[in-house]
Each structure stands twice: as C-alpha cells, then as structure tokens.
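Peer 1: Input file: final-v5.pdb. Contents: PDB, C-alpha atoms and all ligand atoms.
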```pdb
ATOM      1  CA  MET A 273       1.981 -14.897 -29.094  1.00  0.00           C
ATOM      2  CA  SER A 274       5.010 -13.497 -30.930  1.00  0.00           C
ATOM      3  CA  GLU A 275       4.476 -11.390 -34.047  1.00  0.00           C
ATOM      4  CA  ARG A 276       6.640  -9.173 -36.224  1.00  0.00           C
ATOM      5  CA  ILE A 277       7.162  -5.847 -34.503  1.00  0.00           C
ATOM      6  CA  GLU A 278       5.979  -3.955 -37.623  1.00  0.00           C
ATOM      7  CA  LYS A 279       2.640  -5.767 -37.505  1.00  0.00           C
ATOM      8  CA  ILE A 280       2.110  -4.975 -33.801  1.00  0.00           C
ATOM      9  CA  LEU A 281       3.025  -1.303 -34.221  1.00  0.00           C
ATOM     10  CA  ALA A 282       0.895  -0.785 -37.324  1.00  0.00           C
ATOM     11  CA  ARG A 283      -2.104  -2.286 -35.554  1.00  0.00           C
ATOM     12  CA  GLU A 284      -1.689  -0.590 -32.197  1.00  0.00           C
ATOM     13  CA  LEU A 285      -0.599   2.835 -33.432  1.00  0.00           C
ATOM     14  CA  ASN A 286      -2.937   2.746 -36.415  1.00  0.00           C
ATOM     15  CA  GLU A 287      -0.092   4.035 -38.573  1.00  0.00           C
ATOM     16  CA  PRO A 288       0.918   2.995 -42.100  1.00  0.00           C
ATOM     17  CA  ARG A 289       3.827   0.577 -42.460  1.00  0.00           C
ATOM     18  CA  SER A 290       6.019   3.373 -43.902  1.00  0.00           C
ATOM     19  CA  ARG A 291       5.666   5.413 -40.690  1.00  0.00           C
ATOM     20  CA  VAL A 292       6.299   2.305 -38.550  1.00  0.00           C
ATOM     21  CA  LYS A 293       9.476   1.677 -40.533  1.00  0.00           C
ATOM     22  CA  THR A 294      10.659   5.233 -39.859  1.00  0.00           C
ATOM     23  CA  LEU A 295      10.006   4.895 -36.107  1.00  0.00           C
ATOM     24  CA  LEU A 296      12.047   1.694 -36.042  1.00  0.00           C
ATOM     25  CA  GLN A 297      14.859   3.244 -38.085  1.00  0.00           C
ATOM     26  CA  LYS A 298      15.019   6.174 -35.666  1.00  0.00           C
ATOM     27  CA  GLY A 299      15.378   3.741 -32.757  1.00  0.00           C
ATOM     28  CA  GLN A 300      12.247   5.077 -31.055  1.00  0.00           C
ATOM     29  CA  VAL A 301      10.755   1.670 -30.305  1.00  0.00           C
ATOM     30  CA  THR A 302      11.987  -0.577 -27.493  1.00  0.00           C
ATOM     31  CA  VAL A 303      11.045  -4.101 -26.472  1.00  0.00           C
ATOM     32  CA  ASP A 304      11.729  -4.767 -22.794  1.00  0.00           C
ATOM     33  CA  GLY A 305      14.047  -1.771 -22.782  1.00  0.00           C
ATOM     34  CA  VAL A 306      16.123  -2.824 -25.798  1.00  0.00           C
ATOM     35  CA  VAL A 307      15.898  -0.843 -29.064  1.00  0.00           C
ATOM     36  CA  ALA A 308      13.802  -2.865 -31.516  1.00  0.00           C
ATOM     37  CA  ARG A 309      15.124  -3.920 -34.922  1.00  0.00           C
ATOM     38  CA  ALA A 310      13.014  -4.093 -38.089  1.00  0.00           C
ATOM     39  CA  GLY A 311      11.680  -7.595 -38.603  1.00  0.00           C
ATOM     40  CA  GLN A 312      12.161  -8.815 -35.042  1.00  0.00           C
ATOM     41  CA  GLN A 313       9.524 -10.820 -33.215  1.00  0.00           C
ATOM     42  CA  ALA A 314       7.886  -9.553 -30.034  1.00  0.00           C
ATOM     43  CA  ASP A 315       5.152 -10.835 -27.737  1.00  0.00           C
ATOM     44  CA  PRO A 316       2.795  -8.032 -26.663  1.00  0.00           C
ATOM     45  CA  ASP A 317       1.356 -10.235 -23.896  1.00  0.00           C
ATOM     46  CA  THR A 318       4.612 -10.784 -22.076  1.00  0.00           C
ATOM     47  CA  GLN A 319       6.922  -8.011 -23.275  1.00  0.00           C
ATOM     48  CA  GLU A 320       6.745  -4.276 -22.767  1.00  0.00           C
ATOM     49  CA  ILE A 321       6.766  -2.382 -26.037  1.00  0.00           C
ATOM     50  CA  CYS A 322       7.464   1.354 -25.772  1.00  0.00           C
ATOM     51  CA  LEU A 323       7.407   4.217 -28.227  1.00  0.00           C
ATOM     52  CA  ALA A 324       9.605   7.147 -27.203  1.00  0.00           C
ATOM     53  CA  GLY A 325       9.799   5.621 -23.709  1.00  0.00           C
ATOM     54  CA  GLU A 326       6.012   5.327 -23.248  1.00  0.00           C
ATOM     55  CA  PRO A 327       4.359   1.875 -23.152  1.00  0.00           C
ATOM     56  CA  ILE A 328       1.888   1.344 -25.955  1.00  0.00           C
ATOM     57  CA  ALA A 329      -1.330  -0.276 -24.819  1.00  0.00           C
ATOM     58  CA  CYS A 330      -1.145  -3.308 -27.029  1.00  0.00           C
ATOM     59  CA  ARG A 331      -1.653  -6.161 -24.655  1.00  0.00           C
ATOM     60  CA  ALA A 332      -4.112  -8.562 -26.142  1.00  0.00           C
ATOM     61  CA  PHE A 333      -5.267  -9.625 -22.677  1.00  0.00           C
ATOM     62  CA  VAL A 334      -5.636  -8.115 -19.223  1.00  0.00           C
ATOM     63  CA  TYR A 335      -4.087  -9.716 -16.121  1.00  0.00           C
ATOM     64  CA  LEU A 336      -4.845  -8.194 -12.717  1.00  0.00           C
ATOM     65  CA  MET A 337      -3.734  -8.991  -9.179  1.00  0.00           C
ATOM     66  CA  LEU A 338      -6.459  -8.279  -6.611  1.00  0.00           C
ATOM     67  CA  ASN A 339      -6.224  -8.318  -2.832  1.00  0.00           C
ATOM     68  CA  LYS A 340      -9.655  -9.785  -2.111  1.00  0.00           C
ATOM     69  CA  PRO A 341     -11.301  -8.619   1.097  1.00  0.00           C
ATOM     70  CA  THR A 342     -13.713 -10.813   3.073  1.00  0.00           C
ATOM     71  CA  GLY A 343     -17.388 -10.797   2.114  1.00  0.00           C
ATOM     72  CA  VAL A 344     -16.757 -10.667  -1.644  1.00  0.00           C
ATOM     73  CA  LEU A 345     -17.501 -13.546  -4.011  1.00  0.00           C
ATOM     74  CA  SER A 346     -14.911 -14.901  -6.478  1.00  0.00           C
ATOM     75  CA  ALA A 347     -17.484 -14.973  -9.254  1.00  0.00           C
ATOM     76  CA  THR A 348     -18.604 -12.954 -12.245  1.00  0.00           C
ATOM     77  CA  ASP A 349     -22.232 -12.799 -11.092  1.00  0.00           C
ATOM     78  CA  GLY A 350     -22.951 -12.559  -7.377  1.00  0.00           C
ATOM     79  CA  LYS A 351     -26.752 -12.427  -7.948  1.00  0.00           C
ATOM     80  CA  GLY A 352     -26.885  -9.200  -5.985  1.00  0.00           C
ATOM     81  CA  ALA A 353     -23.898  -9.922  -3.703  1.00  0.00           C
ATOM     82  CA  PRO A 354     -20.610  -8.059  -4.317  1.00  0.00           C
ATOM     83  CA  THR A 355     -18.069  -9.842  -6.515  1.00  0.00           C
ATOM     84  CA  VAL A 356     -14.374  -9.394  -7.217  1.00  0.00           C
ATOM     85  CA  LEU A 357     -15.321  -7.717 -10.526  1.00  0.00           C
ATOM     86  CA  ASP A 358     -17.055  -4.908  -8.621  1.00  0.00           C
ATOM     87  CA  LEU A 359     -13.651  -3.993  -7.175  1.00  0.00           C
ATOM     88  CA  VAL A 360     -11.947  -3.453 -10.544  1.00  0.00           C
ATOM     89  CA  PRO A 361     -11.676   0.248 -11.462  1.00  0.00           C
ATOM     90  CA  SER A 362     -13.004   0.991 -14.934  1.00  0.00           C
ATOM     91  CA  ALA A 363      -9.541   2.083 -16.153  1.00  0.00           C
ATOM     92  CA  LEU A 364      -8.243  -1.461 -15.504  1.00  0.00           C
ATOM     93  CA  GLY A 365     -11.357  -3.421 -16.410  1.00  0.00           C
ATOM     94  CA  ARG A 366     -12.329  -5.111 -19.604  1.00  0.00           C
ATOM     95  CA  LYS A 367     -15.317  -7.069 -20.855  1.00  0.00           C
ATOM     96  CA  GLY A 368     -14.804 -10.795 -20.315  1.00  0.00           C
ATOM     97  CA  LEU A 369     -12.716 -10.487 -17.136  1.00  0.00           C
ATOM     98  CA  PHE A 370     -13.142 -13.372 -14.673  1.00  0.00           C
ATOM     99  CA  PRO A 371     -11.333 -14.742 -11.606  1.00  0.00           C
ATOM    100  CA  ALA A 372      -8.844 -17.498 -12.455  1.00  0.00           C
ATOM    101  CA  GLY A 373      -9.648 -19.724  -9.485  1.00  0.00           C
ATOM    102  CA  ARG A 374     -11.851 -19.124  -6.503  1.00  0.00           C
ATOM    103  CA  LEU A 375     -11.362 -18.131  -2.904  1.00  0.00           C
ATOM    104  CA  ASP A 376     -14.143 -18.667  -0.372  1.00  0.00           C
ATOM    105  CA  LYS A 377     -16.241 -15.619   0.501  1.00  0.00           C
ATOM    106  CA  ASP A 378     -14.447 -15.282   3.853  1.00  0.00           C
ATOM    107  CA  THR A 379     -10.935 -15.930   2.438  1.00  0.00           C
ATOM    108  CA  THR A 380      -8.771 -12.901   1.661  1.00  0.00           C
ATOM    109  CA  GLY A 381      -5.772 -12.276  -0.564  1.00  0.00           C
ATOM    110  CA  PHE A 382      -4.421 -12.926  -4.036  1.00  0.00           C
ATOM    111  CA  VAL A 383      -6.985 -13.390  -6.804  1.00  0.00           C
ATOM    112  CA  LEU A 384      -5.860 -13.345 -10.410  1.00  0.00           C
ATOM    113  CA  LEU A 385      -8.344 -11.759 -12.815  1.00  0.00           C
ATOM    114  CA  THR A 386      -7.953 -12.117 -16.554  1.00  0.00           C
ATOM    115  CA  ASP A 387      -9.826 -12.274 -19.840  1.00  0.00           C
ATOM    116  CA  ASP A 388      -7.335 -14.817 -21.191  1.00  0.00           C
ATOM    117  CA  GLY A 389      -9.188 -18.116 -20.952  1.00  0.00           C
ATOM    118  CA  ALA A 390      -6.305 -20.263 -22.203  1.00  0.00           C
ATOM    119  CA  PHE A 391      -3.905 -18.736 -19.677  1.00  0.00           C
ATOM    120  CA  ALA A 392      -6.382 -19.223 -16.818  1.00  0.00           C
ATOM    121  CA  HIS A 393      -6.885 -22.815 -17.865  1.00  0.00           C
ATOM    122  CA  ARG A 394      -3.132 -23.431 -17.769  1.00  0.00           C
ATOM    123  CA  ILE A 395      -2.795 -21.748 -14.355  1.00  0.00           C
ATOM    124  CA  LEU A 396      -5.615 -23.838 -12.918  1.00  0.00           C
ATOM    125  CA  SER A 397      -4.753 -27.111 -14.594  1.00  0.00           C
ATOM    126  CA  PRO A 398      -3.760 -29.711 -11.981  1.00  0.00           C
ATOM    127  CA  ARG A 399      -1.082 -30.766 -14.495  1.00  0.00           C
ATOM    128  CA  SER A 400       0.656 -27.405 -14.037  1.00  0.00           C
ATOM    129  CA  HIS A 401       0.976 -27.932 -10.254  1.00  0.00           C
ATOM    130  CA  ILE A 402       1.188 -24.163  -9.708  1.00  0.00           C
ATOM    131  CA  PRO A 403       1.704 -23.810  -5.950  1.00  0.00           C
ATOM    132  CA  LYS A 404      -0.747 -21.607  -4.054  1.00  0.00           C
ATOM    133  CA  THR A 405       0.422 -20.301  -0.705  1.00  0.00           C
ATOM    134  CA  TYR A 406      -1.955 -19.555   2.165  1.00  0.00           C
ATOM    135  CA  ILE A 407      -1.592 -18.253   5.700  1.00  0.00           C
ATOM    136  CA  ALA A 408      -4.161 -19.798   8.025  1.00  0.00           C
ATOM    137  CA  THR A 409      -5.095 -18.551  11.478  1.00  0.00           C
ATOM    138  CA  LEU A 410      -6.474 -21.354  13.634  1.00  0.00           C
ATOM    139  CA  ASP A 411      -8.520 -21.842  16.770  1.00  0.00           C
ATOM    140  CA  LYS A 412      -5.737 -23.776  18.499  1.00  0.00           C
ATOM    141  CA  PRO A 413      -2.061 -24.646  18.003  1.00  0.00           C
ATOM    142  CA  VAL A 414      -1.421 -27.067  15.139  1.00  0.00           C
ATOM    143  CA  PRO A 415      -0.473 -30.537  16.452  1.00  0.00           C
ATOM    144  CA  PRO A 416       3.128 -31.596  15.719  1.00  0.00           C
ATOM    145  CA  THR A 417       1.871 -34.538  13.612  1.00  0.00           C
ATOM    146  CA  ALA A 418       0.037 -32.241  11.181  1.00  0.00           C
ATOM    147  CA  ALA A 419       2.974 -31.531   8.829  1.00  0.00           C
ATOM    148  CA  ALA A 420       3.373 -35.257   8.127  1.00  0.00           C
ATOM    149  CA  ALA A 421      -0.381 -35.635   7.586  1.00  0.00           C
ATOM    150  CA  PHE A 422      -0.385 -32.740   5.082  1.00  0.00           C
ATOM    151  CA  ALA A 423       2.700 -34.072   3.275  1.00  0.00           C
ATOM    152  CA  GLY A 424       1.516 -37.654   3.267  1.00  0.00           C
ATOM    153  CA  GLY A 425      -1.382 -37.291   0.841  1.00  0.00           C
ATOM    154  CA  MET A 426      -4.695 -37.192   2.717  1.00  0.00           C
ATOM    155  CA  GLU A 427      -7.740 -38.721   1.133  1.00  0.00           C
ATOM    156  CA  MET A 428     -10.541 -36.304   0.219  1.00  0.00           C
ATOM    157  CA  ASP A 429     -13.605 -36.772  -1.987  1.00  0.00           C
ATOM    158  CA  GLY A 430     -12.343 -40.251  -2.852  1.00  0.00           C
ATOM    159  CA  LYS A 431      -8.974 -38.973  -4.113  1.00  0.00           C
ATOM    160  CA  VAL A 432      -5.519 -39.003  -2.602  1.00  0.00           C
ATOM    161  CA  LEU A 433      -4.402 -35.382  -2.350  1.00  0.00           C
ATOM    162  CA  GLN A 434      -1.053 -34.254  -3.648  1.00  0.00           C
ATOM    163  CA  PRO A 435       1.409 -33.578  -0.834  1.00  0.00           C
ATOM    164  CA  ALA A 436       0.966 -30.152   0.764  1.00  0.00           C
ATOM    165  CA  GLN A 437       3.638 -28.320   2.739  1.00  0.00           C
ATOM    166  CA  LEU A 438       2.703 -27.107   6.196  1.00  0.00           C
ATOM    167  CA  THR A 439       4.931 -24.714   8.119  1.00  0.00           C
ATOM    168  CA  ILE A 440       3.930 -23.670  11.609  1.00  0.00           C
ATOM    169  CA  LEU A 441       4.485 -19.921  11.933  1.00  0.00           C
ATOM    170  CA  SER A 442       3.450 -19.406  15.560  1.00  0.00           C
ATOM    171  CA  ALA A 443       1.622 -21.179  18.360  1.00  0.00           C
ATOM    172  CA  HIS A 444       0.217 -17.981  19.923  1.00  0.00           C
ATOM    173  CA  PRO A 445      -1.684 -16.881  17.952  1.00  0.00           C
ATOM    174  CA  PRO A 446      -1.883 -20.231  16.117  1.00  0.00           C
ATOM    175  CA  ARG A 447      -0.797 -19.507  12.536  1.00  0.00           C
ATOM    176  CA  ALA A 448       0.559 -21.717   9.776  1.00  0.00           C
ATOM    177  CA  GLN A 449       1.555 -21.471   6.129  1.00  0.00           C
ATOM    178  CA  VAL A 450       0.235 -24.047   3.667  1.00  0.00           C
ATOM    179  CA  VAL A 451       1.370 -24.592   0.078  1.00  0.00           C
ATOM    180  CA  LEU A 452      -1.060 -26.526  -2.150  1.00  0.00           C
ATOM    181  CA  ARG A 453      -0.621 -27.689  -5.723  1.00  0.00           C
ATOM    182  CA  GLN A 454      -4.283 -28.358  -6.410  1.00  0.00           C
ATOM    183  CA  GLY A 455      -7.588 -26.757  -5.495  1.00  0.00           C
ATOM    184  CA  ILE A 456     -10.297 -28.928  -4.032  1.00  0.00           C
ATOM    185  CA  TYR A 457     -13.372 -27.216  -2.560  1.00  0.00           C
ATOM    186  CA  HIS A 458     -12.520 -25.736   0.891  1.00  0.00           C
ATOM    187  CA  GLN A 459      -9.283 -27.729   0.772  1.00  0.00           C
ATOM    188  CA  VAL A 460      -7.250 -25.825   3.371  1.00  0.00           C
ATOM    189  CA  LYS A 461     -10.128 -25.658   5.848  1.00  0.00           C
ATOM    190  CA  ARG A 462     -10.889 -29.343   5.398  1.00  0.00           C
ATOM    191  CA  MET A 463      -7.252 -30.377   5.752  1.00  0.00           C
ATOM    192  CA  PHE A 464      -6.957 -28.519   9.049  1.00  0.00           C
ATOM    193  CA  ALA A 465     -10.245 -30.035  10.225  1.00  0.00           C
ATOM    194  CA  ARG A 466      -8.652 -33.462   9.707  1.00  0.00           C
ATOM    195  CA  VAL A 467      -5.922 -32.582  12.217  1.00  0.00           C
ATOM    196  CA  GLY A 468      -8.449 -31.174  14.700  1.00  0.00           C
ATOM    197  CA  CYS A 469      -8.114 -27.430  13.965  1.00  0.00           C
ATOM    198  CA  THR A 470     -10.644 -24.878  12.739  1.00  0.00           C
ATOM    199  CA  VAL A 471      -9.473 -22.161  10.361  1.00  0.00           C
ATOM    200  CA  THR A 472     -10.626 -18.795  11.694  1.00  0.00           C
ATOM    201  CA  ALA A 473      -9.023 -16.719   8.905  1.00  0.00           C
ATOM    202  CA  LEU A 474      -7.431 -17.644   5.585  1.00  0.00           C
ATOM    203  CA  HIS A 475      -5.307 -15.441   3.336  1.00  0.00           C
ATOM    204  CA  ARG A 476      -3.701 -16.363  -0.015  1.00  0.00           C
ATOM    205  CA  THR A 477      -0.271 -14.772  -0.250  1.00  0.00           C
ATOM    206  CA  ALA A 478       1.126 -16.167  -3.510  1.00  0.00           C
ATOM    207  CA  MET A 479       0.357 -17.962  -6.757  1.00  0.00           C
ATOM    208  CA  GLY A 480       3.399 -19.704  -8.152  1.00  0.00           C
ATOM    209  CA  VAL A 481       6.435 -17.517  -7.541  1.00  0.00           C
ATOM    210  CA  LEU A 482       4.303 -14.382  -7.653  1.00  0.00           C
ATOM    211  CA  GLU A 483       3.601 -12.878  -4.231  1.00  0.00           C
ATOM    212  CA  LEU A 484       0.654 -10.625  -3.451  1.00  0.00           C
ATOM    213  CA  ASP A 485       1.923  -7.042  -3.730  1.00  0.00           C
ATOM    214  CA  PRO A 486       2.166  -5.818  -0.104  1.00  0.00           C
ATOM    215  CA  THR A 487       1.213  -2.286  -1.211  1.00  0.00           C
ATOM    216  CA  LEU A 488      -2.269  -3.473  -2.267  1.00  0.00           C
ATOM    217  CA  ALA A 489      -4.774  -2.730   0.494  1.00  0.00           C
ATOM    218  CA  PRO A 490      -7.772  -5.099   0.783  1.00  0.00           C
ATOM    219  CA  GLY A 491     -10.021  -4.390  -2.226  1.00  0.00           C
ATOM    220  CA  ASP A 492      -7.227  -2.881  -4.344  1.00  0.00           C
ATOM    221  CA  CYS A 493      -5.951  -4.298  -7.602  1.00  0.00           C
ATOM    222  CA  ARG A 494      -3.281  -3.543 -10.176  1.00  0.00           C
ATOM    223  CA  ALA A 495      -2.233  -4.832 -13.580  1.00  0.00           C
ATOM    224  CA  LEU A 496       0.489  -7.465 -13.627  1.00  0.00           C
ATOM    225  CA  THR A 497       3.618  -6.371 -15.444  1.00  0.00           C
ATOM    226  CA  PRO A 498       4.522  -8.366 -18.567  1.00  0.00           C
ATOM    227  CA  ALA A 499       7.425  -9.836 -16.582  1.00  0.00           C
ATOM    228  CA  GLU A 500       5.024 -11.047 -13.872  1.00  0.00           C
ATOM    229  CA  VAL A 501       2.717 -12.648 -16.459  1.00  0.00           C
ATOM    230  CA  ALA A 502       5.739 -14.369 -17.968  1.00  0.00           C
ATOM    231  CA  LEU A 503       6.799 -15.629 -14.524  1.00  0.00           C
ATOM    232  CA  LEU A 504       3.393 -17.215 -13.980  1.00  0.00           C
ATOM    233  CA  ALA A 505       3.225 -18.602 -17.515  1.00  0.00           C
ATOM    234  CA  LYS A 506       6.686 -20.163 -17.201  1.00  0.00           C
ATOM    235  CA  ASP A 507       5.469 -22.679 -14.611  1.00  0.00           C
ATOM    236  CA  THR A 508       2.418 -23.856 -16.556  1.00  0.00           C
ATOM    237  CA  VAL A 509       2.026 -26.728 -18.963  1.00  0.00           C
ATOM    238  CA  GLN A 510      -0.042 -26.529 -22.172  1.00  0.00           C
TER     239      GLN A 510
HETATM  240  N1  LIG A 601      -8.928 -23.545   0.737  1.00  0.00           N
HETATM  241  C1  LIG A 601     -10.020 -23.162   1.423  1.00  0.00           C
HETATM  242  O1  LIG A 601     -10.462 -23.858   2.321  1.00  0.00           O
HETATM  243  N2  LIG A 601     -10.606 -21.996   1.084  1.00  0.00           N
HETATM  244  C2  LIG A 601     -10.147 -21.176   0.127  1.00  0.00           C
HETATM  245  O2  LIG A 601     -10.715 -20.098  -0.117  1.00  0.00           O
HETATM  246  C3  LIG A 601      -8.998 -21.572  -0.567  1.00  0.00           C
HETATM  247  C4  LIG A 601      -8.405 -22.775  -0.259  1.00  0.00           C
END
```
Write out the structure in this file as structure tokens.
Peer 2:
Amino acid sequence: MSERIEKILARELNEPRSRVKTLLQKGQVTVDGVVARAGQQADPDTQEICLAGEPIACRAFVYLMLNKPTGVLSATDGKGAPTVLDLVPSALGRKGLFPAGRLDKDTTGFVLLTDDGAFAHRILSPRSHIPKTYIATLDKPVPPTAAAAFAGGMEMDGKVLQPAQLTILSAHPPRAQVVLRQGIYHQVKRMFARVGCTVTALHRTAMGVLELDPTLAPGDCRALTPAEVALLAKDTVQ
C-alpha cells in the first residue's frame, strides 16, 4: 500500500518529522534507487527504500522463496513431523508465516511463504490463473497423445480442468514439464496417471514468472526482493 514517504520514514526510523524532512532535503533517501522527494508516495511492500544506501527494514510483510526438500510438510503444524516453517532461519522468520499453497510431502521445489494473507489469497485464487511449473520424472516415456489430453481439459473430481501445457523433456529418463493454472489435490500425479504414467519425482520450478532461485539448495530459503513480489502481484486479480 502506498503512503507518503515522510510517514513511512518517521515510523520506521522512529525519528521526528523535522529530522525526516532534513534527510529528504539532503537527498539521503532513495526509492528503488531514485532520490526521494518530499511528499512523494512509496509502497514499502514492493519498493526498496534506502537511507544512505542501506535498505530500511520497513516491509509490512515477509515473502520468502523456499526450495522444499522431500519429507517436509507444506503446513504450519506437522503434529511432530517437520514442516516448511522449520526450515526458515530465525533472521528471516516472522510470526504468522504460512505456505501460500501446498506441495505434497514427496514433492520438492518452490514454496512461497508469507504472512500476507491477502496476497496469498490472490496468488492462490483460481481467478488469478497464476501458472505453476513442474518437472515430473516418470516411470515410463510419456505417450505422444498425452499433450493433447493435458491441453484438452480432463475431468477430475466432477470438474473440467483448465488446459495444462505438457512438454516432453526426455524419453530416457522419462521427464516432462507441466504448467498448471489451478491446484487440485495431487493434480500432476493424477493427470499423469490418466495417461498411464506414474510420477516418481516431482519438482516445482516456478510460480508465475518467478523461477526458483538455482542457488537455493534443498531446504534453503531467501527473502523475495520487492521487485520479485511486484512481479508476482502483477499477475493476480483482486
Ligand atoms: N501436483 C501434485 O500431484 N503434487 C504436488 O505436490 C503438486 C501438484
């Protein structure tokens, strides 16, 4: 949410308005790298605000990208079993963090963690159609008819699925990329079962245009940059 820059600085720096005014006059504050002007609007959730070149920690919400390993639950309470929250280092964590969308226990890859409920809702809303990209490893080569079956809207749980894109990556080992715009329980595994294949490993590589950072080892996470949050938000509907 955009606010006057003075209001953000006074709150985050805990400084009186007179001092904030001086900092602005001296050109010491930047918003996304551009020197801030008195009275301008800024959005601390999606823009980087710096004082003397250093970011000020004023983001109202936390957004993390996690590379989920196998054996970990996408839940806030695993009832004794390890969850994605157990993997968040305390420096990045915050009360109220939860996974925006679930991966199966044996699925690996991109999980978005946030404490911003409205944002998560928009990301997950079927109306937003945010594409989720997966790489599946299979027990046998994918039949040539599968791409049409995925694109044609299969029926599942009494609903016609939105078209999904299937791209065969290799026959040996059998690997394929799938892009979904909705999230029905075990959807990728069930879609492959319909074309006679069993998924032996599943990895989510992207949400929307945002790809899983290749430098994140399984179990690692990092904060999204304001630009990355804005990229994800851009594709959602209210
Ligand atoms: N589809 C599945 O079958 N499993 C997942 O974890 C995600 C999508």
Peer 1: Restricting the calculation to all atoms listed in the file: of A:Leu364, A:Val471, A:Met428, A:Ala448, which residue gets closest to Asp411 of chain A?
Peer 2: A:Val471
Peer 1: I need the output of the PyMOL selection byres (((not hetatm)) within 9 of (chain A and resi 601)) for this file as a PyMOL selection string; which residues are they?
Peer 2: chain A and resi 374-380+404+406+452+455-464+471+474-476
Peer 1: Please save C-alpha atoms of the selected residues as a PDB file, in the frame of the given file.
Peer 2:
```pdb
ATOM      1  CA  ARG A 374     -11.851 -19.124  -6.503  1.00  0.00           C
ATOM      2  CA  LEU A 375     -11.362 -18.131  -2.904  1.00  0.00           C
ATOM      3  CA  ASP A 376     -14.143 -18.667  -0.372  1.00  0.00           C
ATOM      4  CA  LYS A 377     -16.241 -15.619   0.501  1.00  0.00           C
ATOM      5  CA  ASP A 378     -14.447 -15.282   3.853  1.00  0.00           C
ATOM      6  CA  THR A 379     -10.935 -15.930   2.438  1.00  0.00           C
ATOM      7  CA  THR A 380      -8.771 -12.901   1.661  1.00  0.00           C
ATOM      8  CA  LYS A 404      -0.747 -21.607  -4.054  1.00  0.00           C
ATOM      9  CA  TYR A 406      -1.955 -19.555   2.165  1.00  0.00           C
ATOM     10  CA  LEU A 452      -1.060 -26.526  -2.150  1.00  0.00           C
ATOM     11  CA  GLY A 455      -7.588 -26.757  -5.495  1.00  0.00           C
ATOM     12  CA  ILE A 456     -10.297 -28.928  -4.032  1.00  0.00           C
ATOM     13  CA  TYR A 457     -13.372 -27.216  -2.560  1.00  0.00           C
ATOM     14  CA  HIS A 458     -12.520 -25.736   0.891  1.00  0.00           C
ATOM     15  CA  GLN A 459      -9.283 -27.729   0.772  1.00  0.00           C
ATOM     16  CA  VAL A 460      -7.250 -25.825   3.371  1.00  0.00           C
ATOM     17  CA  LYS A 461     -10.128 -25.658   5.848  1.00  0.00           C
ATOM     18  CA  ARG A 462     -10.889 -29.343   5.398  1.00  0.00           C
ATOM     19  CA  MET A 463      -7.252 -30.377   5.752  1.00  0.00           C
ATOM     20  CA  PHE A 464      -6.957 -28.519   9.049  1.00  0.00           C
ATOM     21  CA  VAL A 471      -9.473 -22.161  10.361  1.00  0.00           C
ATOM     22  CA  LEU A 474      -7.431 -17.644   5.585  1.00  0.00           C
ATOM     23  CA  HIS A 475      -5.307 -15.441   3.336  1.00  0.00           C
ATOM     24  CA  ARG A 476      -3.701 -16.363  -0.015  1.00  0.00           C
TER      25      ARG A 476
END
```
Peer 1: Have a look at atom CA of Gly311 of chain A and atom CA of Ser274 of chain A and let me know their distance in Å, one decimal.
Peer 2: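 For atom CA of Gly311 of chain A relative to atom CA of Ser274 of chain A, the distance reads 11.8 Å.
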Peer 1: From the list A:Pro416, A:Pro316, A:Gly305, A:Pro435, which residue is nearest Arg276 of chain A when using all atoms listed in the file?
Peer 2: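 Closest to Arg276 of chain A, using all atoms listed in the file: A:Pro316.
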Peer 1: Please, what distance in Å, to one decimal, runs between atom CA of Leu438 of chain A and atom CA of Ala418 of chain A?
Peer 2: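 Distance between the two atoms: 7.6 Å.
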Peer 1: For the structure provided, state which residues fall under the PyMOL selection byres (((chain A and resi 419-423) around 9) and not hetatm), and present them as a short mmCIF file (atom, residue, chain, number, x, y, z; two decimals) with C-alpha atoms, keeping the file's coordinate frame.
Peer 2:
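Result saved to part_6.cif:
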```cif
data_model
loop_
_atom_site.label_atom_id
_atom_site.label_comp_id
_atom_site.auth_asym_id
_atom_site.auth_seq_id
_atom_site.Cartn_x
_atom_site.Cartn_y
_atom_site.Cartn_z
CA VAL A 414 -1.42 -27.07 15.14
CA PRO A 415 -0.47 -30.54 16.45
CA PRO A 416 3.13 -31.60 15.72
CA THR A 417 1.87 -34.54 13.61
CA ALA A 418 0.04 -32.24 11.18
CA GLY A 424 1.52 -37.65 3.27
CA GLY A 425 -1.38 -37.29 0.84
CA MET A 426 -4.70 -37.19 2.72
CA LEU A 433 -4.40 -35.38 -2.35
CA GLN A 434 -1.05 -34.25 -3.65
CA PRO A 435 1.41 -33.58 -0.83
CA ALA A 436 0.97 -30.15 0.76
CA GLN A 437 3.64 -28.32 2.74
CA LEU A 438 2.70 -27.11 6.20
CA THR A 439 4.93 -24.71 8.12
CA ILE A 440 3.93 -23.67 11.61
CA VAL A 450 0.24 -24.05 3.67
CA MET A 463 -7.25 -30.38 5.75
CA PHE A 464 -6.96 -28.52 9.05
CA ARG A 466 -8.65 -33.46 9.71
CA VAL A 467 -5.92 -32.58 12.22
#
```
Peer 1: Work out how far atom CA of Gly491 of chain A is from atom CA of Val451 of chain A, in Å to one decimal.
Peer 2: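 Between atom CA of Val451 of chain A and atom CA of Gly491 of chain A the gap is 23.3 Å.
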Peer 1: Around segment 360-379 of chain A, with edges along x, y and z and 3 Å added on all six sides, what centre and edge lengths do you get, in Å to one decimal, as JSON?
Peer 2:
```
{"center_x": -12.2, "center_y": -8.8, "center_z": -8.5, "size_x": 14.0, "size_y": 27.8, "size_z": 30.7}
```
Peer 1: Please list as a ChimeraX atom specification every residue within 9 Å of Pro445 of chain A, counting only C-alpha atoms and excluding residues in the same chain fewer than 6 positions away.
Peer 2: /A:409-413
Peer 1: So, counting only C-alpha atoms, which residue among A:Asp315, A:Asp429, A:Asp492, A:Asp388 is closest to Lys340 of chain A?
Peer 2: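 Smallest distance to Lys340 of chain A is found for A:Asp492.
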Peer 1: Taking 6 positions as the minimum chain separation for residues in the same chain, which residues sit within 8 Å of Ile277 of chain A when counting only C-alpha atoms? Answer as a list of chain:residue names.
Peer 2: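 Using only C-alpha atoms, the neighbours found are A:Ala308, A:Ala310, A:Gly311, A:Gln312, A:Gln313, A:Ala314.
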Peer 1: Taking only C-alpha atoms into account, name the residue in A:Ile321, A:Thr294, A:Gly299, A:Gly373 that is nearest to Pro498 of chain A.
Peer 2: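 Between A:Ile321, A:Thr294, A:Gly299, A:Gly373, the residue approaching Pro498 of chain A most closely is A:Ile321.
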Peer 1: Return the single residue from A:Thr318, A:Ile328, A:Leu359, A:Gln449 that is closest to Ile280 of chain A, with distances computed using only C-alpha atoms.
Peer 2: A:Ile328
Peer 1: When you count only C-alpha atoms, which of these residues is closest to Ser400 of chain A: A:Val432, A:Leu441, A:Ala473, A:Ala505?
Peer 2: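 Closest residue, counting only C-alpha atoms: A:Ala505.
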